[in-house]
Amino acid sequence: MGLMTKNEYIESLRKLHPVVYMFGERITNVVDNPRLRAGIEATGATFEVAGMEQYKELAVTVSPLINEPVNRFTLPPSSISDLVHRVKLNRTVANHVGTCHQRCTGLDCLSALSIVTYDIDQKYGTPYYQNFIDFVKHMQKHDLVGNAGVTDVKGDRAKGPTDQADDQMYLKIVERRPDGIVVSGAKVHQTGSLSAHEIIVLPTRAFKKGDEDYAVAFAIPSDTEGLIHVVGRSSLDNRELEGVDCGNVRYSKNCPTLIFNNVFVPKHRIFMCGETEFAVEMVIKFSSFHRQSHGGCKSGKIDCMIGASLALMDYNGTSKISHHKQKIIDMIYRAETLYGCCLASSYEGRSMPSGAYFIDTILSNASKIHEGKELSECIRLMIDICGGFVADMPSDKDFNHPEIGPMLKRYFKGADGVPVENRIKMFRLVEKMAMESADTISDIHGGGSPEAHRVTILRESNLESKKRAARRLAGIDG
Ligand SMILES: Cc1cc2nc3c(=O)[nH]c(=O)nc-3n(C[C@H](O)[C@H](O)[C@H](O)COP(=O)(O)OP(=O)(O)OC[C@H]3O[C@@H](n4cnc5c(N)ncnc54)[C@H](O)[C@@H]3O)c2cc1C
């Protein structure tokens with residue numbers, strides 16, 4: 001089959017028939033729904049970029065598993081170079097779409113599984129690594145997109161899965177059969193589940209003995225019987241449905257809730273099934289990879305924010321104002337610090353027993369803490385530079401109105417020589433980048449809440465060696 005073009009990717013989604021609800025209605029044509037299509041277009045950019053001459057080397061490589069060229073979004077890393085390419089590719093695609101392209105999460109699942117399935121097999125003699133290898137080959141041969149089904153609904157946060165009033169607050173194995181398992185529960189905030197061919201499920205937290213029915217990992221097609229995608233509202237979603245004032249005229253993002261209503265998972269698609277002590281390893285591997293992906297991607301989004309700010313400085317006549325130049329510098333250094341931290345996490349990566357490569361966890365978590373705070377700061381700087389129309393620009397419907405349109409266009413002119421339409425379009429893009437909840441909230445909670453990054457940093461840091469260094473300097477023995 002080989003690499004797909006963007007159009008082939010979109011046609012491949014047409015062949016799937018997922019059960020989808022949005023705003024109280026059943027959606028049968030996902031691909032042509034403008035709200036969902038904008039997200040699909042963003043994922044489609046990962047295919048588009050792979051076909052562009054200037055990015056081919058970055059986006060396409062030969063997989064040692066199938067000895068064929070593959071899109072890097074289907075390649076679990078097996079070298080430092082692969083780890084570095086992950087970051088660079090995420091920045092490149094984010095720069096292209098100005099939002100989340102949604103394909104990193106599936107790769108982050110594959111990357112985690114390439115390490116942990118092997119480790120489980122070493123202890124228990126299970127067949128998970130081979131199941132995983134067969135699955136990756138399938139993904140690579142058909143150039144498929146995976147979604148990360150990680151976050152459970154979790155009910156009462158103070159309680160574990162077996163203490164909840166409802167035993168399905170974490171996705172649960174409800175039946176074990178000779179040919180597979182049946183699972184029920186829900187995964188939430190599923191970025192791009194409708195842009196994906198496969199849903200890859202991993203545990204969301206550490207589990208203890210007694211939680212065996214919850215320690216589960218597997219992959220199933222996104223239109224498997226019993227799966228229900230319920231598209232969430234986000235702040236600007238009506239714009240795409242109305243077809244005006246979208247800001248980003250091609251790309252967007254959506255994050256459905258995914259209900260698993262007695263879903264059957266065949267044996268050969270299971271990657272973990274009851275091995276509770278490995279849940280935490282899966283969580284750390286996935287979340288560290290995902291936090292690194294975020295840094296590559298979000299530095300690319302800041303690039304777009306810088307570009308929009310510079311354009312509006314030109315359009316508003318403020319390009320020579322010194323505090324605006326300072327604010328551009330403040331955005332650039334934040335993007336580069338984020339990018340640098342993620343690159344460093346790659347260069348400090350190492351080989352794992354399976355032969356797959358893992359990044360430096362502390363650096364990737366440090367980058368995510370940085371993102372959570374500094375992306376908000378970049379949005380604030382962008383809004384400061386651009387001005388108040390980020391908040392309340394009239395609609396294109398008003399600008400095109402026969403009576404008030406000409407008046408509005410007269411009063412919305414900025415610098416001489418700049419078509420008013422360009423100024424209006426750029427304000428809309430800035431509004432989208434600053435205010436799209438599916439994007440901006442993911443800067444904070446995507447890949448885990450900020451406290452989770454701090455806890456990981458503390459757990460993974462060698463505190464004893466730091467104490468030793470201090471004791472030596474102070475002349476204290478031992
Ligand atoms: C836009 C967006 C896209 C996302 N995409 C995906 C995706 O594609 N796939 C996926 O699986 N997930 C995805 N996520 C989910 C994301 O990983 C979670 O939002 C995140 O892990 C936080 O979980 P939560 O939203 O349930 O918040 P909560 O876990 O309820 O956290 C809320 C607050 O409570 C604190 N808290 C909660 N429980 C505890 C506790 N026991 N001890 C101490 N503090 C606690 C947290 O630190 C945080 O401050 C996405 C999220 C967003 C917002």
# chains A, B, ... in the order shown; residues from 1 in each chain; ligands from 1
$ residues_around --residues "range 225-232 of chain A" --least-positions-apart "4" --cutoff "6 Å" --atoms "only C-alpha atoms" --output "PyMOL selection string"
chain A and resi 19-22+256-263
$ write_last_selection --atoms "N, CA and C atoms" --output "short mmCIF file (atom, residue, chain, number, x, y, z; two decimals), in the first residue's frame"
data_model
loop_
_atom_site.label_atom_id
_atom_site.label_comp_id
_atom_site.auth_asym_id
_atom_site.auth_seq_id
_atom_site.Cartn_x
_atom_site.Cartn_y
_atom_site.Cartn_z
N VAL A 19 -19.61 5.44 14.82
CA VAL A 19 -20.85 5.99 15.41
C VAL A 19 -20.48 7.32 16.06
N VAL A 20 -21.08 8.42 15.56
CA VAL A 20 -20.69 9.76 16.00
C VAL A 20 -21.92 10.58 16.36
N TYR A 21 -21.82 11.29 17.49
CA TYR A 21 -22.85 12.26 17.85
C TYR A 21 -22.19 13.62 18.00
N MET A 22 -22.90 14.67 17.56
CA MET A 22 -22.39 16.03 17.77
C MET A 22 -23.58 16.96 17.99
N PRO A 256 -13.30 14.48 20.83
CA PRO A 256 -14.50 13.77 21.29
C PRO A 256 -14.30 13.00 22.59
N THR A 257 -15.43 12.73 23.25
CA THR A 257 -15.49 11.73 24.31
C THR A 257 -15.75 10.40 23.62
N LEU A 258 -15.08 9.36 24.10
CA LEU A 258 -15.19 8.06 23.43
C LEU A 258 -15.78 7.05 24.42
N ILE A 259 -17.00 6.61 24.13
CA ILE A 259 -17.65 5.63 25.03
C ILE A 259 -17.38 4.22 24.47
N PHE A 260 -16.94 3.34 25.35
CA PHE A 260 -16.73 1.93 24.99
C PHE A 260 -17.88 1.14 25.59
N ASN A 261 -18.83 0.78 24.75
CA ASN A 261 -20.03 0.10 25.22
C ASN A 261 -19.92 -1.39 24.89
N ASN A 262 -19.26 -2.14 25.79
CA ASN A 262 -19.02 -3.58 25.56
C ASN A 262 -18.32 -3.81 24.23
N VAL A 263 -17.12 -3.32 24.13
CA VAL A 263 -16.35 -3.41 22.89
C VAL A 263 -15.44 -4.65 22.93
#
$ residues_around --residues "Ile173 in chain A" --least-positions-apart "4" --cutoff "7 Å" --atoms "only C-alpha atoms" --output "PyMOL selection string"
chain A and resi 181-184+213-214
$ closest_residue --among "A:Gly149, A:Pro419, A:Gly39, A:Pro34" --to "Val244 in chain A" --atoms "only C-alpha atoms"
A:Pro34
$ atom_distance --atom1 "CA of Ala94 in chain A" --atom2 "atom 12 (N, counted along the ligand's line) of ligand 1"
18.8 Å
$ residues_around --residues "Gly160 in chain A" --least-positions-apart "6" --cutoff "9 Å" --atoms "only C-alpha atoms" --output "list of chain:residue names"
A:Lys154, A:Tyr170, A:Phe207, A:Asp211
$ write_last_selection --atoms "C-alpha atoms" --output "mmCIF file, in the first residue's frame"
data_model
loop_
_atom_site.group_PDB
_atom_site.id
_atom_site.type_symbol
_atom_site.label_atom_id
_atom_site.label_comp_id
_atom_site.auth_asym_id
_atom_site.auth_seq_id
_atom_site.Cartn_x
_atom_site.Cartn_y
_atom_site.Cartn_z
ATOM 1 C CA LYS A 154 -11.833 8.931 36.707
ATOM 2 C CA TYR A 170 -11.754 3.617 34.491
ATOM 3 C CA PHE A 207 -2.545 0.484 39.262
ATOM 4 C CA ASP A 211 -6.856 -3.528 39.756
#
$ residues_near_ligand --ligand "ligand 1" --cutoff "8 Å" --atoms "only C-alpha atoms and all ligand atoms" --output "compact mmCIF listing (two decimals) with C-alpha atoms, in the first residue's frame"
# COMPACT_ATOMS: atom_id res chain seq x y z
CA GLN A 102 -3.41 15.42 16.10
CA THR A 105 -0.56 11.09 20.05
CA ASN A 147 -5.44 8.14 18.39
CA ALA A 148 -4.33 7.99 22.05
CA GLY A 149 -7.09 6.62 24.27
CA VAL A 150 -5.42 7.31 27.58
CA THR A 151 -7.50 9.62 29.81
CA ASP A 152 -10.25 7.87 31.76
CA VAL A 153 -13.18 9.80 33.21
CA LYS A 154 -11.83 8.93 36.71
CA ARG A 157 -10.28 11.78 41.97
CA ALA A 158 -9.59 10.77 45.56
CA LYS A 159 -10.44 7.14 44.80
CA LYS A 187 -11.95 7.78 27.45
CA VAL A 188 -12.22 11.58 27.30
CA HIS A 189 -10.62 14.51 25.44
CA GLN A 190 -9.80 12.19 22.51
CA THR A 191 -7.87 14.51 20.21
CA GLY A 192 -8.56 13.55 16.63
CA SER A 193 -10.42 10.28 17.30
CA THR A 204 -4.08 6.46 32.46
CA ASN A 254 -11.73 18.59 18.03
CA CYS A 255 -11.59 16.22 20.98
CA SER A 437 -10.36 26.24 23.80
CA ALA A 438 -9.47 22.85 22.29
CA ASP A 439 -6.02 24.27 21.60
CA THR A 440 -5.28 26.59 24.51
CA ILE A 441 -6.52 24.28 27.29
CA SER A 442 -4.41 21.48 25.85
CA ASP A 443 -1.34 23.68 26.39
CA ILE A 444 -2.04 23.25 30.11
CA HIS A 445 -3.76 19.86 30.56
CA GLY A 446 -2.79 17.97 27.37
CA GLY A 447 -0.34 15.18 28.20
CA GLY A 448 -1.35 15.44 31.87
CA SER A 449 -1.91 18.34 34.25
CA PRO A 450 1.09 20.47 35.33
CA GLU A 451 1.32 18.77 38.73
CA ALA A 452 1.83 15.43 36.95
$ select_by_dssp --residues "range 434-465 of chain A" --states "alpha helix (DSSP H)" --output "PyMOL selection string"
chain A and resi 434-435+437-445+450-460+463-465
$ closest_residue --among "A:Ala391, A:Val97, A:Ser345, A:Asp477" --to "Gly44 in chain A" --atoms "only C-alpha atoms"
A:Val97
$ residues_around --residues "Ala308 in chain A" --least-positions-apart "6" --cutoff "9 Å" --atoms "only C-alpha atoms" --output "PDB file with N, CA and C atoms, in the first residue's frame"
ATOM      1  N   MET A 382       0.933  38.311  22.275  1.00  0.00           N
ATOM      2  CA  MET A 382       0.338  38.476  20.939  1.00  0.00           C
ATOM      3  C   MET A 382      -0.886  39.393  21.013  1.00  0.00           C
ATOM      4  N   CYS A 386      -1.420  43.019  19.173  1.00  0.00           N
ATOM      5  CA  CYS A 386      -2.389  43.139  18.065  1.00  0.00           C
ATOM      6  C   CYS A 386      -3.529  44.104  18.367  1.00  0.00           C
ATOM      7  N   MET A 426      -6.385  38.799   9.439  1.00  0.00           N
ATOM      8  CA  MET A 426      -5.298  38.523  10.389  1.00  0.00           C
ATOM      9  C   MET A 426      -5.801  38.602  11.829  1.00  0.00           C
ATOM     10  N   PHE A 427      -6.695  39.565  12.108  1.00  0.00           N
ATOM     11  CA  PHE A 427      -7.287  39.612  13.452  1.00  0.00           C
ATOM     12  C   PHE A 427      -8.036  38.315  13.760  1.00  0.00           C
ATOM     13  N   LEU A 429      -7.411  35.339  12.572  1.00  0.00           N
ATOM     14  CA  LEU A 429      -6.457  34.255  12.838  1.00  0.00           C
ATOM     15  C   LEU A 429      -5.939  34.361  14.274  1.00  0.00           C
ATOM     16  N   VAL A 430      -5.640  35.602  14.685  1.00  0.00           N
ATOM     17  CA  VAL A 430      -5.132  35.796  16.049  1.00  0.00           C
ATOM     18  C   VAL A 430      -6.190  35.358  17.063  1.00  0.00           C
TER      19      VAL A 430
END
